[in-house]
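What follows is the content of model-v6.tsv, which has TSV, C-alpha atoms and all ligand atoms:
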```tsv
chain	number	residue	atom	x	y	z
A	1	MET	CA	33.67	-3.60	-68.86
A	2	PRO	CA	31.85	-2.73	-65.62
A	3	GLN	CA	31.31	-5.87	-63.61
A	4	ASP	CA	27.60	-5.23	-63.15
A	5	GLU	CA	27.11	-5.97	-66.84
A	6	LEU	CA	28.84	-9.32	-66.57
A	7	LEU	CA	27.15	-12.42	-65.29
A	8	ILE	CA	29.56	-15.31	-65.67
A	9	ASP	CA	33.08	-16.01	-66.99
A	10	GLU	CA	35.25	-19.08	-67.18
A	11	VAL	CA	38.38	-18.14	-65.21
A	12	GLU	CA	40.18	-21.52	-65.39
A	13	THR	CA	39.17	-24.71	-67.17
A	14	GLN	CA	35.79	-25.69	-65.68
A	15	ILE	CA	35.98	-22.91	-63.08
A	16	TYR	CA	33.54	-20.02	-63.34
A	17	ILE	CA	32.93	-16.73	-61.61
A	18	ILE	CA	29.36	-15.53	-61.21
A	19	TYR	CA	29.87	-11.84	-60.59
A	20	GLY	CA	28.12	-10.60	-57.46
A	21	LYS	CA	25.98	-7.49	-57.68
A	22	LYS	CA	26.51	-5.30	-54.63
A	23	PRO	CA	26.24	-6.08	-51.77
A	24	SER	CA	26.75	-9.68	-52.85
A	25	CYS	CA	30.15	-11.30	-53.15
A	26	HIS	CA	31.21	-13.21	-56.26
A	27	VAL	CA	30.18	-16.85	-56.40
A	28	TYR	CA	32.66	-19.32	-57.90
A	29	VAL	CA	31.62	-22.61	-59.46
A	30	ILE	CA	34.06	-25.49	-59.88
A	31	LYS	CA	32.92	-28.29	-62.14
A	32	GLY	CA	34.75	-31.26	-60.71
A	33	THR	CA	35.25	-34.60	-62.43
A	34	ASN	CA	32.31	-35.95	-60.49
A	35	LYS	CA	31.59	-33.38	-57.77
A	36	ASN	CA	30.58	-29.77	-58.30
A	37	VAL	CA	31.61	-27.15	-55.79
A	38	LEU	CA	30.39	-23.63	-55.10
A	39	ILE	CA	32.54	-21.16	-53.24
A	40	ASP	CA	30.32	-18.73	-51.33
A	41	THR	CA	26.65	-18.17	-52.09
A	42	GLY	CA	26.22	-14.37	-51.97
A	43	VAL	CA	23.20	-12.63	-50.50
A	44	LYS	CA	19.72	-14.14	-50.81
A	45	GLY	CA	18.63	-11.50	-53.35
A	46	ASN	CA	21.54	-12.43	-55.65
A	47	PHE	CA	20.31	-16.01	-56.00
A	48	PRO	CA	18.48	-15.51	-59.35
A	49	ARG	CA	21.86	-14.49	-60.83
A	50	VAL	CA	23.43	-17.65	-59.41
A	51	VAL	CA	20.68	-19.78	-60.97
A	52	GLU	CA	21.08	-17.95	-64.28
A	53	GLY	CA	24.85	-18.44	-64.20
A	54	LEU	CA	24.54	-22.12	-63.35
A	55	THR	CA	22.02	-22.62	-66.15
A	56	LYS	CA	24.44	-21.06	-68.65
A	57	ILE	CA	27.00	-23.75	-67.81
A	58	GLY	CA	24.49	-26.57	-67.84
A	59	LEU	CA	24.02	-26.99	-64.09
A	60	LYS	CA	21.01	-26.95	-61.81
A	61	VAL	CA	21.08	-25.92	-58.16
A	62	SER	CA	20.74	-29.60	-57.22
A	63	ASP	CA	23.89	-30.42	-59.24
A	64	ILE	CA	26.04	-28.63	-56.63
A	65	HIS	CA	27.36	-31.21	-54.18
A	66	LEU	CA	29.42	-29.02	-51.89
A	67	VAL	CA	29.29	-25.35	-50.88
A	68	ILE	CA	32.33	-23.88	-49.18
A	69	ASN	CA	31.88	-20.56	-47.38
A	70	THR	CA	35.05	-18.48	-47.14
A	71	HIS	CA	33.75	-16.87	-43.93
A	72	GLU	CA	30.62	-16.05	-41.99
A	73	HIS	CA	29.66	-12.59	-43.32
A	74	PHE	CA	26.07	-12.15	-44.56
A	75	ASP	CA	27.15	-11.31	-48.12
A	76	HIS	CA	28.92	-14.68	-48.47
A	77	VAL	CA	26.43	-17.05	-46.81
A	78	GLY	CA	22.91	-15.69	-47.48
A	79	GLY	CA	22.32	-17.93	-50.50
A	80	ASN	CA	23.14	-21.03	-48.41
A	81	ILE	CA	19.43	-21.43	-47.71
A	82	PHE	CA	18.86	-22.55	-51.29
A	83	PHE	CA	21.38	-25.40	-50.92
A	84	HIS	CA	20.38	-26.76	-47.49
A	85	GLU	CA	18.48	-29.71	-48.90
A	86	THR	CA	20.75	-30.79	-51.73
A	87	ALA	CA	24.38	-29.95	-50.88
A	88	PHE	CA	26.83	-30.20	-48.03
A	89	LEU	CA	27.66	-26.75	-46.67
A	90	ALA	CA	31.13	-26.30	-45.25
A	91	ALA	CA	32.87	-23.49	-43.36
A	92	HIS	CA	35.75	-23.25	-40.92
A	93	ARG	CA	34.53	-24.25	-37.47
A	94	PHE	CA	34.98	-20.65	-36.20
A	95	ALA	CA	32.65	-19.53	-39.00
A	96	ALA	CA	30.28	-22.52	-38.72
A	97	THR	CA	29.54	-21.78	-35.06
A	98	LYS	CA	28.52	-18.23	-35.95
A	99	ILE	CA	26.51	-19.30	-39.00
A	100	GLU	CA	24.59	-21.92	-36.99
A	101	LEU	CA	23.81	-19.49	-34.15
A	102	GLN	CA	23.00	-16.56	-36.49
A	103	ASP	CA	25.62	-14.55	-34.63
A	104	GLU	CA	24.63	-11.09	-35.77
A	105	TYR	CA	27.46	-9.50	-33.77
A	106	VAL	CA	29.71	-10.91	-36.47
A	107	MET	CA	27.55	-11.77	-39.49
A	108	HIS	CA	26.14	-8.23	-39.82
A	109	SER	CA	23.05	-8.97	-41.96
A	110	ALA	CA	20.63	-6.56	-40.30
A	111	ILE	CA	23.00	-3.59	-40.14
A	112	HIS	CA	23.35	-3.91	-43.91
A	113	GLY	CA	19.56	-4.04	-44.35
A	114	GLU	CA	19.51	-7.77	-45.08
A	115	GLU	CA	17.26	-10.45	-43.61
A	116	ILE	CA	18.62	-12.48	-40.69
A	117	LEU	CA	18.51	-15.92	-42.26
A	118	LYS	CA	18.58	-19.36	-40.71
A	119	VAL	CA	21.56	-20.46	-42.76
A	120	LYS	CA	23.34	-23.72	-42.06
A	121	SER	CA	26.77	-25.27	-42.03
A	122	HIS	CA	27.08	-29.07	-42.18
A	123	ILE	CA	30.84	-29.52	-42.25
A	124	TRP	CA	33.25	-27.82	-39.86
A	125	LEU	CA	36.51	-27.32	-41.72
A	126	GLU	CA	40.00	-27.38	-40.26
A	127	ASP	CA	43.27	-25.95	-41.50
A	128	ARG	CA	44.98	-28.05	-44.21
A	129	LEU	CA	41.98	-30.24	-44.96
A	130	LEU	CA	41.91	-31.23	-48.63
A	131	PHE	CA	39.02	-31.92	-50.99
A	132	ASP	CA	39.90	-34.03	-54.03
A	133	ILE	CA	37.29	-33.47	-56.74
A	134	GLY	CA	39.25	-35.20	-59.49
A	135	ASN	CA	40.41	-32.47	-61.85
A	136	TYR	CA	41.18	-30.15	-58.92
A	137	LYS	CA	42.32	-30.41	-55.32
A	138	LEU	CA	41.14	-27.79	-52.88
A	139	LYS	CA	43.23	-27.25	-49.79
A	140	ILE	CA	41.83	-25.25	-46.91
A	141	PHE	CA	44.00	-22.69	-45.16
A	142	HIS	CA	42.58	-21.11	-42.03
A	143	THR	CA	43.41	-17.42	-42.48
A	144	PRO	CA	41.85	-15.49	-39.59
A	145	GLY	CA	42.05	-11.71	-39.57
A	146	HIS	CA	39.13	-10.17	-41.47
A	147	THR	CA	37.04	-12.39	-39.19
A	148	SER	CA	38.06	-15.33	-37.01
A	149	GLY	CA	36.52	-17.91	-39.36
A	150	CYS	CA	38.14	-16.86	-42.65
A	151	ILE	CA	39.64	-19.46	-44.95
A	152	CYS	CA	41.43	-19.37	-48.26
A	153	ILE	CA	41.07	-22.27	-50.66
A	154	TYR	CA	44.26	-23.20	-52.49
A	155	GLU	CA	44.84	-25.43	-55.51
A	156	PRO	CA	48.29	-26.87	-54.73
A	157	PHE	CA	48.99	-28.24	-58.23
A	158	LYS	CA	47.54	-25.44	-60.38
A	159	HIS	CA	48.62	-22.74	-57.91
A	160	PHE	CA	45.62	-20.51	-57.63
A	161	MET	CA	43.67	-19.41	-54.60
A	162	PHE	CA	40.18	-18.30	-53.61
A	163	THR	CA	40.55	-15.67	-50.92
A	164	GLY	CA	37.06	-14.47	-49.95
A	165	ASP	CA	37.59	-11.14	-48.17
A	166	THR	CA	41.14	-11.92	-47.01
A	167	ILE	CA	42.93	-10.20	-49.88
A	168	PHE	CA	41.86	-8.27	-52.96
A	169	ASP	CA	43.50	-7.30	-56.23
A	170	LYS	CA	46.31	-4.71	-56.12
A	171	GLY	CA	47.02	-5.51	-52.48
A	172	VAL	CA	43.84	-3.92	-51.18
A	173	ILE	CA	43.56	-5.10	-47.62
A	174	SER	CA	40.53	-6.19	-45.78
A	175	LYS	CA	38.64	-4.41	-43.06
A	176	ILE	CA	39.29	-5.98	-39.69
A	177	SER	CA	35.71	-6.80	-38.82
A	178	ASP	CA	34.08	-7.99	-35.55
A	179	SER	CA	35.79	-11.22	-34.38
A	180	GLY	CA	38.83	-10.38	-36.54
A	181	SER	CA	42.31	-9.28	-35.51
A	182	PHE	CA	45.14	-7.31	-37.10
A	183	GLY	CA	47.77	-9.62	-35.63
A	184	ASP	CA	46.05	-12.69	-37.05
A	185	TYR	CA	45.53	-10.90	-40.35
A	186	ILE	CA	49.20	-10.06	-40.87
A	187	ASN	CA	50.18	-13.60	-39.89
A	188	SER	CA	47.64	-15.06	-42.34
A	189	LEU	CA	48.90	-12.88	-45.20
A	190	GLU	CA	52.52	-13.80	-44.47
A	191	ARG	CA	51.60	-17.47	-44.41
A	192	LEU	CA	49.71	-17.25	-47.72
A	193	ASP	CA	52.66	-15.41	-49.23
A	194	THR	CA	54.83	-18.51	-48.76
A	195	LEU	CA	52.63	-20.45	-51.22
A	196	LYS	CA	53.37	-20.46	-54.92
A	197	THR	CA	50.37	-18.64	-56.40
A	198	ASN	CA	49.74	-17.54	-59.98
A	199	LYS	CA	46.26	-16.16	-59.59
A	200	VAL	CA	43.98	-14.99	-56.79
A	201	PHE	CA	40.20	-15.17	-57.01
A	202	PRO	CA	38.80	-12.76	-54.41
A	203	GLY	CA	35.27	-12.44	-53.08
A	204	HIS	CA	34.86	-8.93	-54.49
A	205	GLY	CA	36.46	-6.85	-57.25
A	206	SER	CA	38.81	-8.00	-59.99
A	207	ILE	CA	40.78	-11.19	-60.24
A	208	CYS	CA	44.41	-10.73	-59.28
A	209	GLU	CA	46.96	-11.79	-61.90
A	210	ASP	CA	49.99	-10.65	-59.89
A	211	PRO	CA	49.69	-12.27	-56.46
A	212	SER	CA	53.31	-11.74	-55.44
A	213	GLU	CA	53.05	-7.95	-55.79
A	214	THR	CA	49.60	-8.01	-54.21
A	215	PHE	CA	50.81	-9.87	-51.11
A	216	THR	CA	53.84	-7.59	-50.74
A	217	ILE	CA	51.67	-4.46	-50.84
A	218	ALA	CA	49.03	-5.95	-48.52
A	219	ILE	CA	51.55	-7.09	-45.90
A	220	ARG	CA	53.32	-3.73	-45.98
A	221	SER	CA	50.15	-1.70	-45.68
A	222	SER	CA	48.61	-3.83	-42.95
A	223	ARG	CA	51.81	-3.62	-40.88
A	224	GLN	CA	51.81	0.15	-41.46
A	225	LYS	CA	48.18	0.42	-40.40
A	226	LEU	CA	48.90	-1.44	-37.17
A	227	ASP	CA	51.97	0.73	-36.46
A	228	ASP	CA	50.00	3.92	-37.16
A	229	TYR	CA	47.34	2.82	-34.68
A	230	LYS	CA	49.94	2.06	-31.99
A	231	ASN	CA	51.65	5.41	-32.56
A	232	GLN	CA	48.35	7.22	-32.38
A	233	LEU	CA	47.57	5.52	-29.05
A	234	LEU	CA	51.02	6.33	-27.67
A	235	LYS	CA	50.59	9.96	-28.66
A	236	GLU	CA	47.16	10.12	-27.01
A	237	LEU	CA	48.64	8.61	-23.86
A	238	GLN	CA	51.50	11.13	-23.81
A	239	ASP	CA	49.09	14.03	-24.37
A	240	LYS	CA	46.98	12.84	-21.44
A	241	LYS	CA	50.07	12.66	-19.21
A	242	LEU	CA	51.05	16.19	-20.22
A	243	GLU	CA	47.54	17.44	-19.47
A	244	ALA	CA	47.64	15.81	-16.04
A	245	LYS	CA	50.94	17.57	-15.25
A	246	GLN	CA	49.60	21.01	-16.17
B	301	ZN	ZN	33.64	-10.25	-45.10
```
Take the structure I supplied and represent it as C-alpha cells, if you would.
Ligand SMILES: [Zn+2]
Amino acid sequence: MPQDELLIDEVETQIYIIYGKKPSCHVYVIKGTNKNVLIDTGVKGNFPRVVEGLTKIGLKVSDIHLVINTHEHFDHVGGNIFFHETAFLAAHRFAATKIELQDEYVMHSAIHGEEILKVKSHIWLEDRLLFDIGNYKLKIFHTPGHTSGCICIYEPFKHFMFTGDTIFDKGVISKISDSGSFGDYINSLERLDTLKTNKVFPGHGSICEDPSETFTIAIRSSRQKLDDYKNQLLKELQDKKLEAKQ
C-alpha cells in the first residue's frame, strides 16, 4: 500500500511509526513503561498527522516526555516547536549546536521552502549514552556522515535500530550533506554493522527486515562512490597536466 495512505502502524510491541508525508520524515513513538519517547518530529506542517497518530494510540502531545532527534535537518526537527514546553528535546551535541543557532548552512529549511524555525534542543547527547525507559533501552551511537550530528538509536536487547537518514532499506545510502563526510559515513556504517540487528527503522521509506544485507550493500556502494570520486579527480588532474604539456 502506498505510504501516503497510511498514518500509523505498530512496528514492535508499543512502538509505532507515524508515516511522514513528504518532505517530512517518519516519526516513531515508543510507549515506555513510564516514559514516552518520540524519535524525530518531522516538518511543522506534518504536525497534525503526528497529533492524529498519537490520538489513535491514546496519547496527547503532553504525554511525550522525551524527543530524540536523529540529526539536525529541517525535516526531522521542525515539529520540535510543539514539544518545547512539555518534553525534553535531545540531539547529539554536534546537532544541538546547529539546532540552537538555526544553522541554515546545515539545516536547509529555507532552500526546501520551509520556515526557519526557532527549534530547541535541551539535552546534548554523547556516543553510547543509554536511556532506560523500562520495557526498552535506547542506546545512542554517534554516526556522523550524512551530517556531523547524526545518531542511530539502538535497542541492545531487542536488537533493532532507528537510523534517521544514516541508512535506508535495501542498502540505499544517504546523501553526504553539508557538515557531513564520506570518510565518517563509511566508518559509521562499518561500526553499525558490528551490532546484532534484526530490524532497521529508517527516517524515510520502508522498514528494513534484512539489516545484514542492507549494511553490506551500503558499505560497498559508499566505498565505491568514494573511489569513483577519487578516480575522477585523478583523471581530471592528469588531463590538466597533459593540456599544460601541449
Ligand atoms: Zn537528513
### Query
Near region 109-113 of chain A, counting all atoms listed in the file, which residues have an atom at most 12 Å away, once you skip same-chain residues fewer than 4 positions from it, shown as a list in words?
Lys22, Pro23, Ser24, Gly42, Val43, Lys44, Gly45, Glu72, His73, Phe74, Asp75, His76, Val77, Gly78, Ile99, Gln102, Asp103, Glu104, Tyr105, Leu117, Lys118 and Val119 of chain A
Residues of chain A at most 7 Å from ligand ZN 301 (chain B): nearest atom pair and distance in Å, all atoms listed in the file, as a Markdown table:
```
| residue | atom | partner | partner_atom | distance |
| --- | --- | --- | --- | --- |
| A:His71 | CA | B:ZN301 | ZN | 6.7 |
| A:His73 | CA | B:ZN301 | ZN | 4.9 |
| A:His146 | CA | B:ZN301 | ZN | 6.6 |
| A:Asp165 | CA | B:ZN301 | ZN | 5.1 |
```
Mind writing the picked residues with C-alpha atoms as a CSV table (one decimal), keeping the file's coordinate frame?
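Below is the file that was written, part_19.csv:
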```csv
chain,number,residue,atom,x,y,z
A,71,HIS,CA,33.8,-16.9,-43.9
A,73,HIS,CA,29.7,-12.6,-43.3
A,146,HIS,CA,39.1,-10.2,-41.5
A,165,ASP,CA,37.6,-11.1,-48.2
```
### Query
Could you state the separation of CA of Leu66 (chain A) and CA of Ala87 (chain A) in Å, given to one decimal place?
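According to the coordinates, CA of Leu66 (chain A) and CA of Ala87 (chain A) are separated by 5.2 Å.
Between CA of Asn198 (chain A) and CA of Glu126 (chain A) lies a distance of 24.1 Å.
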### Query
Hey, what's within 7 Å of region 13-21 of chain A if we count all atoms listed in the file and toss same-chain stuff fewer than 5 positions away? As JSON, numbers by chain, please?
{"A": [3, 4, 6, 7, 8, 26, 27, 28, 29, 30, 31, 42, 46, 50, 53]}
### Message
Within 12 Å of (56.0, -21.2, -52.1) in the file's own coordinates, which protein, DNA or RNA residues have an atom, counting all atoms listed in the file? List them as a PyMOL selection string.
### Response
chain A and resi 154+156-157+159-160+190-198+211-212
### Task
Would you kindly identify which residues have an atom no farther than 12 Å from (44.3, -1.8, -57.0), using all atoms listed in the file and the file's own coordinates, and write them out as a ChimeraX atom specification?
/A:167-173,205-211,213-215,217-218
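Straight-line separation from CA of Lys35 (chain A) to CA of Phe82 (chain A): 17.9 Å.
Proximity to Thr166 (chain A) at 8 Å, evaluated using all atoms listed in the file and with sequence-adjacent residues fewer than 6 positions away removed, yields Thr143, Gly145, His146, Cys150, Ile151, Cys152, Ile173, Ser174 and Pro202 of chain A.
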### Task
Using all atoms listed in the file, pick whichever of A:Phe83, A:Phe47, A:Phe201, A:Phe141 has the shortest atom-to-atom distance to Gly164 (chain A).
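Going through A:Phe83, A:Phe47, A:Phe201, A:Phe141 one by one, the smallest distance to Gly164 (chain A) is for A:Phe201.
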### Query
Got a sec: who's within 10 Å of Gly149 (chain A), counting only C-alpha atoms, leaving out chain neighbours fewer than 3 positions off, as a list of chain:residue names?
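The residues satisfying every condition are A:Asn69, A:Thr70, A:His71, A:Glu72, A:His73, A:Ala91, A:His92, A:Arg93, A:Phe94, A:Ala95, A:Ala96, A:Thr97, A:Lys98, A:Leu125, A:His142, A:Thr143, A:Pro144, A:Gly145, A:His146, A:Ser179, A:Gly180.
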#### Entry: Residue contacts of Asn34 (chain A) (10 Å, all atoms listed in the file) excluding same-chain residues fewer than 4 positions away, as a ChimeraX atom specification
/A:65,133-135
### Given all atoms listed in the file as the counted atoms, nearest of A:Thr41, A:Thr147, A:Ser221, A:Asn36 to His108 (chain A)
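Of the candidates, the smallest distance to His108 (chain A) is held by A:Thr147.
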### Summary
Counting all atoms listed in the file, closest pick from A:Lys245, A:Thr55, A:Phe182, A:Lys199 relative to Tyr229 (chain A) is A:Phe182
Selecting N, CA and C atoms, how would region 222-244 of chain A from this structure be written as a tab-separated table (two decimals), in the first residue's frame?
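Listing of selection00.tsv after writing:
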```tsv
chain	number	residue	atom	x	y	z
A	222	SER	N	29.02	2.80	-0.78
A	222	SER	CA	29.62	4.08	-0.36
A	222	SER	C	31.13	4.08	-0.59
A	223	ARG	N	31.78	2.91	-0.39
A	223	ARG	CA	33.21	2.83	-0.70
A	223	ARG	C	33.43	3.06	-2.19
A	224	GLN	N	32.56	2.47	-3.01
A	224	GLN	CA	32.66	2.60	-4.46
A	224	GLN	C	32.50	4.06	-4.88
A	225	LYS	N	31.54	4.73	-4.25
A	225	LYS	CA	31.27	6.13	-4.58
A	225	LYS	C	32.49	7.00	-4.26
A	226	LEU	N	33.12	6.72	-3.13
A	226	LEU	CA	34.31	7.48	-2.75
A	226	LEU	C	35.45	7.19	-3.73
A	227	ASP	N	35.64	5.92	-4.09
A	227	ASP	CA	36.69	5.56	-5.05
A	227	ASP	C	36.45	6.22	-6.41
A	228	ASP	N	35.19	6.19	-6.86
A	228	ASP	CA	34.86	6.80	-8.15
A	228	ASP	C	35.21	8.29	-8.16
A	229	TYR	N	34.93	8.94	-7.03
A	229	TYR	CA	35.21	10.37	-6.94
A	229	TYR	C	36.72	10.62	-7.00
A	230	LYS	N	37.48	9.79	-6.26
A	230	LYS	CA	38.95	9.95	-6.28
A	230	LYS	C	39.50	9.71	-7.67
A	231	ASN	N	39.00	8.67	-8.34
A	231	ASN	CA	39.47	8.36	-9.70
A	231	ASN	C	39.14	9.48	-10.67
A	232	GLN	N	37.95	10.03	-10.51
A	232	GLN	CA	37.54	11.14	-11.37
A	232	GLN	C	38.49	12.34	-11.18
A	233	LEU	N	38.84	12.62	-9.92
A	233	LEU	CA	39.74	13.74	-9.63
A	233	LEU	C	41.13	13.48	-10.21
A	234	LEU	N	41.60	12.24	-10.06
A	234	LEU	CA	42.92	11.89	-10.59
A	234	LEU	C	42.95	12.06	-12.10
A	235	LYS	N	41.87	11.64	-12.74
A	235	LYS	CA	41.79	11.75	-14.19
A	235	LYS	C	41.80	13.24	-14.61
A	236	GLU	N	41.03	14.04	-13.89
A	236	GLU	CA	40.98	15.47	-14.21
A	236	GLU	C	42.37	16.11	-14.06
A	237	LEU	N	43.07	15.66	-13.02
A	237	LEU	CA	44.42	16.18	-12.76
A	237	LEU	C	45.38	15.79	-13.88
A	238	GLN	N	45.29	14.52	-14.31
A	238	GLN	CA	46.15	14.04	-15.40
A	238	GLN	C	45.84	14.78	-16.70
A	239	ASP	N	44.55	14.98	-16.97
A	239	ASP	CA	44.16	15.70	-18.19
A	239	ASP	C	44.72	17.12	-18.19
A	240	LYS	N	44.69	17.74	-17.02
A	240	LYS	CA	45.21	19.12	-16.91
A	240	LYS	C	46.71	19.14	-17.19
A	241	LYS	N	47.43	18.12	-16.65
A	241	LYS	CA	48.88	18.04	-16.86
A	241	LYS	C	49.18	17.87	-18.33
A	242	LEU	N	48.38	17.00	-18.99
A	242	LEU	CA	48.59	16.77	-20.43
A	242	LEU	C	48.36	18.04	-21.22
A	243	GLU	N	47.31	18.76	-20.85
A	243	GLU	CA	47.00	20.04	-21.52
A	243	GLU	C	48.14	21.03	-21.38
A	244	ALA	N	48.71	21.06	-20.18
A	244	ALA	CA	49.81	22.01	-19.90
A	244	ALA	C	51.03	21.69	-20.74
```
